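Student: I'm passing along upload09.pdb; it holds PDB, C-alpha atoms.
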ATOM      1  CA  MET P   1       3.835 -20.602 -14.503  1.00  0.00           C
ATOM      2  CA  ASN P   2       7.301 -19.554 -15.567  1.00  0.00           C
ATOM      3  CA  ILE P   3       7.721 -15.752 -15.705  1.00  0.00           C
ATOM      4  CA  TYR P   4      10.340 -13.810 -17.659  1.00  0.00           C
ATOM      5  CA  ILE P   5      11.717 -10.664 -15.996  1.00  0.00           C
ATOM      6  CA  GLY P   6      13.829  -8.528 -18.308  1.00  0.00           C
ATOM      7  CA  ASN P   7      15.602  -5.170 -18.511  1.00  0.00           C
ATOM      8  CA  LEU P   8      17.046  -5.682 -15.034  1.00  0.00           C
ATOM      9  CA  ASN P   9      19.834  -3.613 -13.582  1.00  0.00           C
ATOM     10  CA  TYR P  10      23.041  -5.689 -13.781  1.00  0.00           C
ATOM     11  CA  ARG P  11      23.496  -5.344 -10.002  1.00  0.00           C
ATOM     12  CA  VAL P  12      20.161  -7.069  -9.170  1.00  0.00           C
ATOM     13  CA  ARG P  13      20.575 -10.148  -6.959  1.00  0.00           C
ATOM     14  CA  GLU P  14      18.334 -13.228  -7.065  1.00  0.00           C
ATOM     15  CA  ASP P  15      17.364 -12.927  -3.386  1.00  0.00           C
ATOM     16  CA  ASP P  16      16.307  -9.288  -3.740  1.00  0.00           C
ATOM     17  CA  LEU P  17      14.269  -9.996  -6.856  1.00  0.00           C
ATOM     18  CA  LYS P  18      12.566 -12.962  -5.170  1.00  0.00           C
ATOM     19  CA  LYS P  19      11.587 -10.790  -2.173  1.00  0.00           C
ATOM     20  CA  THR P  20      10.070  -8.207  -4.509  1.00  0.00           C
ATOM     21  CA  LEU P  21       8.070 -10.837  -6.397  1.00  0.00           C
ATOM     22  CA  GLU P  22       6.894 -12.463  -3.155  1.00  0.00           C
ATOM     23  CA  GLU P  23       5.031  -9.252  -2.297  1.00  0.00           C
ATOM     24  CA  TYR P  24       2.543 -10.401  -4.962  1.00  0.00           C
ATOM     25  CA  GLY P  25       2.391 -14.142  -4.241  1.00  0.00           C
ATOM     26  CA  GLU P  26       4.330 -17.356  -3.688  1.00  0.00           C
ATOM     27  CA  VAL P  27       7.539 -17.759  -5.679  1.00  0.00           C
ATOM     28  CA  GLU P  28       9.109 -21.210  -5.943  1.00  0.00           C
ATOM     29  CA  SER P  29      12.405 -20.042  -7.440  1.00  0.00           C
ATOM     30  CA  VAL P  30      14.192 -17.186  -9.206  1.00  0.00           C
ATOM     31  CA  ARG P  31      17.049 -17.815 -11.623  1.00  0.00           C
ATOM     32  CA  LEU P  32      19.132 -14.842 -12.740  1.00  0.00           C
ATOM     33  CA  ILE P  33      20.758 -15.580 -16.092  1.00  0.00           C
ATOM     34  CA  LYS P  34      24.512 -14.986 -16.136  1.00  0.00           C
ATOM     35  CA  ASP P  35      27.169 -14.930 -18.820  1.00  0.00           C
ATOM     36  CA  ARG P  36      28.996 -18.245 -18.584  1.00  0.00           C
ATOM     37  CA  ASP P  37      32.407 -16.689 -19.341  1.00  0.00           C
ATOM     38  CA  THR P  38      32.290 -13.650 -17.042  1.00  0.00           C
ATOM     39  CA  GLY P  39      29.672 -14.710 -14.479  1.00  0.00           C
ATOM     40  CA  ARG P  40      28.068 -11.298 -14.914  1.00  0.00           C
ATOM     41  CA  SER P  41      24.297 -10.875 -15.068  1.00  0.00           C
ATOM     42  CA  LYS P  42      22.764 -10.682 -18.534  1.00  0.00           C
ATOM     43  CA  GLY P  43      19.975  -8.437 -17.214  1.00  0.00           C
ATOM     44  CA  PHE P  44      17.137 -10.940 -17.152  1.00  0.00           C
ATOM     45  CA  ALA P  45      15.748 -13.706 -14.975  1.00  0.00           C
ATOM     46  CA  PHE P  46      13.072 -16.373 -14.769  1.00  0.00           C
ATOM     47  CA  ALA P  47      10.758 -16.999 -11.816  1.00  0.00           C
ATOM     48  CA  GLU P  48       8.683 -20.102 -11.185  1.00  0.00           C
ATOM     49  CA  VAL P  49       5.299 -19.264  -9.645  1.00  0.00           C
ATOM     50  CA  PRO P  50       3.157 -22.291  -8.688  1.00  0.00           C
ATOM     51  CA  ASP P  51      -0.208 -20.474  -8.809  1.00  0.00           C
ATOM     52  CA  ASP P  52      -1.112 -19.242 -12.313  1.00  0.00           C
ATOM     53  CA  GLU P  53      -3.490 -16.553 -10.998  1.00  0.00           C
ATOM     54  CA  GLU P  54      -0.805 -15.135  -8.699  1.00  0.00           C
ATOM     55  CA  ALA P  55       1.614 -15.226 -11.641  1.00  0.00           C
ATOM     56  CA  ARG P  56      -0.806 -13.242 -13.827  1.00  0.00           C
ATOM     57  CA  SER P  57      -1.251 -10.747 -10.988  1.00  0.00           C
ATOM     58  CA  MET P  58       2.552 -10.327 -10.698  1.00  0.00           C
ATOM     59  CA  ILE P  59       2.771  -9.698 -14.425  1.00  0.00           C
ATOM     60  CA  ARG P  60      -0.008  -7.065 -14.322  1.00  0.00           C
ATOM     61  CA  GLU P  61       1.395  -5.322 -11.243  1.00  0.00           C
ATOM     62  CA  LEU P  62       5.111  -5.373 -12.059  1.00  0.00           C
ATOM     63  CA  ASN P  63       5.378  -5.044 -15.849  1.00  0.00           C
ATOM     64  CA  GLU P  64       6.853  -1.657 -16.819  1.00  0.00           C
ATOM     65  CA  THR P  65       7.495  -0.653 -13.190  1.00  0.00           C
ATOM     66  CA  ASP P  66      10.771   0.850 -12.021  1.00  0.00           C
ATOM     67  CA  TYR P  67      13.074  -1.554 -10.178  1.00  0.00           C
ATOM     68  CA  GLN P  68      16.526  -0.376  -9.137  1.00  0.00           C
ATOM     69  CA  GLY P  69      16.545   2.347 -11.760  1.00  0.00           C
ATOM     70  CA  ARG P  70      15.297   0.326 -14.750  1.00  0.00           C
ATOM     71  CA  GLN P  71      11.833  -0.302 -16.158  1.00  0.00           C
ATOM     72  CA  MET P  72      11.206  -4.047 -15.850  1.00  0.00           C
ATOM     73  CA  VAL P  73       9.615  -6.182 -18.543  1.00  0.00           C
ATOM     74  CA  VAL P  74       7.546  -8.910 -16.869  1.00  0.00           C
ATOM     75  CA  LYS P  75       5.649 -11.471 -18.932  1.00  0.00           C
ATOM     76  CA  GLU P  76       4.882 -15.156 -19.218  1.00  0.00           C
ATOM     77  CA  ALA P  77       7.988 -17.020 -20.363  1.00  0.00           C
ATOM     78  CA  MET P  78       7.743 -18.788 -23.687  1.00  0.00           C
ATOM     79  CA  PRO P  79       8.996 -22.396 -23.853  1.00  0.00           C
ATOM     80  CA  LYS P  80      12.362 -23.049 -25.492  1.00  0.00           C
ATOM     81  CA  LYS P  81      12.152 -24.067 -29.140  1.00  0.00           C
TER
END
Reformat the file's structure so that it appears as structure tokens.
Tutor:
Amino acid sequence: MNIYIGNLNYRVREDDLKKTLEEYGEVESVRLIKDRDTGRSKGFAFAEVPDDEEARSMIRELNETDYQGRQMVVKEAMPKK
């Protein structure tokens, strides 16, 4: 399952976010979305979690929790249209 993680502090690093998510299950990859002109974080990321049940558990446990001073939004990512 692909998970959307939003409202992230702009200083969050991919490795740190992956470690946090891995406390709740296996994480294949984390991709922090950056502005292509400035290279600065846009404040959201996507994580690929191979086990759907672990992904749902991550969403339940982490949505609306404080992470580096901001309340995260964690939900299943919707496919691009």
Student: Please write as a compact mmCIF listing (two decimals) with C-alpha atoms, in the frame of the given file the full residue list that the PyMOL selection byres ((chain P and resi 69) around 12) yields on this file.
Tutor:
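Printed below is selection-v2.txt as written:
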# COMPACT_ATOMS: atom_id res chain seq x y z
CA ASN P 7 15.60 -5.17 -18.51
CA LEU P 8 17.05 -5.68 -15.03
CA ASN P 9 19.83 -3.61 -13.58
CA TYR P 10 23.04 -5.69 -13.78
CA ARG P 11 23.50 -5.34 -10.00
CA VAL P 12 20.16 -7.07 -9.17
CA GLU P 64 6.85 -1.66 -16.82
CA THR P 65 7.50 -0.65 -13.19
CA ASP P 66 10.77 0.85 -12.02
CA TYR P 67 13.07 -1.55 -10.18
CA GLN P 68 16.53 -0.38 -9.14
CA ARG P 70 15.30 0.33 -14.75
CA GLN P 71 11.83 -0.30 -16.16
CA MET P 72 11.21 -4.05 -15.85
Student: Need to verify the contact set: P:Lys42, 7 Å, all atoms listed in the file, exclusion of same-chain residues closer than 6 positions in sequence. Can you return it as an mmCIF file with C-alpha atoms, in the frame of the given file?
Tutor:
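Dumped everything to part.cif:
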data_model
loop_
_atom_site.group_PDB
_atom_site.id
_atom_site.type_symbol
_atom_site.label_atom_id
_atom_site.label_comp_id
_atom_site.auth_asym_id
_atom_site.auth_seq_id
_atom_site.Cartn_x
_atom_site.Cartn_y
_atom_site.Cartn_z
ATOM 1 C CA TYR P 10 23.041 -5.689 -13.781
ATOM 2 C CA ILE P 33 20.758 -15.580 -16.092
ATOM 3 C CA LYS P 34 24.512 -14.986 -16.136
ATOM 4 C CA ASP P 35 27.169 -14.930 -18.820
#
Student: For atom CA of P:Arg60 and atom CA of P:Lys81, determine how far apart the two atoms are, in Å to one decimal place.
Tutor: 25.6 Å
Student: Choose the residue, out of P:Tyr4, P:Arg40, P:Met58, P:Lys75, that has the smallest atom-to-atom separation from P:Glu22; count all atoms listed in the file.
Tutor: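 Of the candidates, the smallest distance to P:Glu22 is held by P:Met58.
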Student: I'd like to know which of P:Arg31, P:Lys80, P:Lys19, P:Arg13 is closest to P:Glu48, using all atoms listed in the file.
Tutor: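 Checking each candidate against P:Glu48, we get P:Arg31 as the closest.
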Student: I need the residue nearest P:Gly43 from this list: P:Val27, P:Ile59, P:Ile5, P:Ala77. Use all atoms listed in the file for the distance.
Tutor: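 Checking each candidate against P:Gly43, we get P:Ile5 as the closest.
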Student: Report, as lines of an AutoDock Vina configuration file, the axis-aligned box around all atoms of stretch 26-34 of chain P present in the file, extended by 8 Å on each side; give centre and edge lengths in Å to one decimal place.
Tutor:
center_x = 14.4
center_y = -18.0
center_z = -9.9
size_x = 36.2
size_y = 22.4
size_z = 28.4
Student: List the neighbours of P:Tyr24 out to 8 Å using all atoms listed in the file; skip same-chain residues closer than 4 positions along the sequence, and give me the result as a list in words.
Tutor: Thr20, Glu54, Ser57 and Met58 of chain P
Student: Kindly give the distance, in Å, that separates atom CA of P:Met1 and atom CA of P:Leu21, rounded to a single decimal.
Tutor: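 Atom CA of P:Leu21 lies 13.4 Å from atom CA of P:Met1.
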Student: Between P:Val74, P:Asn63, P:Glu26, P:Ile3, which residue has the minimum interatomic distance to P:Pro50, considering all atoms listed in the file?
Tutor: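 So, comparing all the options, the nearest one is P:Glu26.
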Student: Which one of P:Asp37, P:Phe44, P:Ser29, P:Asn2 sits closest to P:Pro79 if you count all atoms listed in the file?
Tutor: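 Counting all atoms listed in the file, the residue closest to P:Pro79 is P:Asn2.
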Student: What is the atom CA of P:Leu62 to atom CA of P:Val30 distance in Å?
Tutor: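 These two atoms are separated by 15.2 Å.
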Student: Pick the closest to P:Glu61 from P:Asp16, P:Gly6, P:Val49, P:Gly25: which is it, counting only C-alpha atoms?
Tutor: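 The answer is P:Gly25, which sits nearest to P:Glu61.
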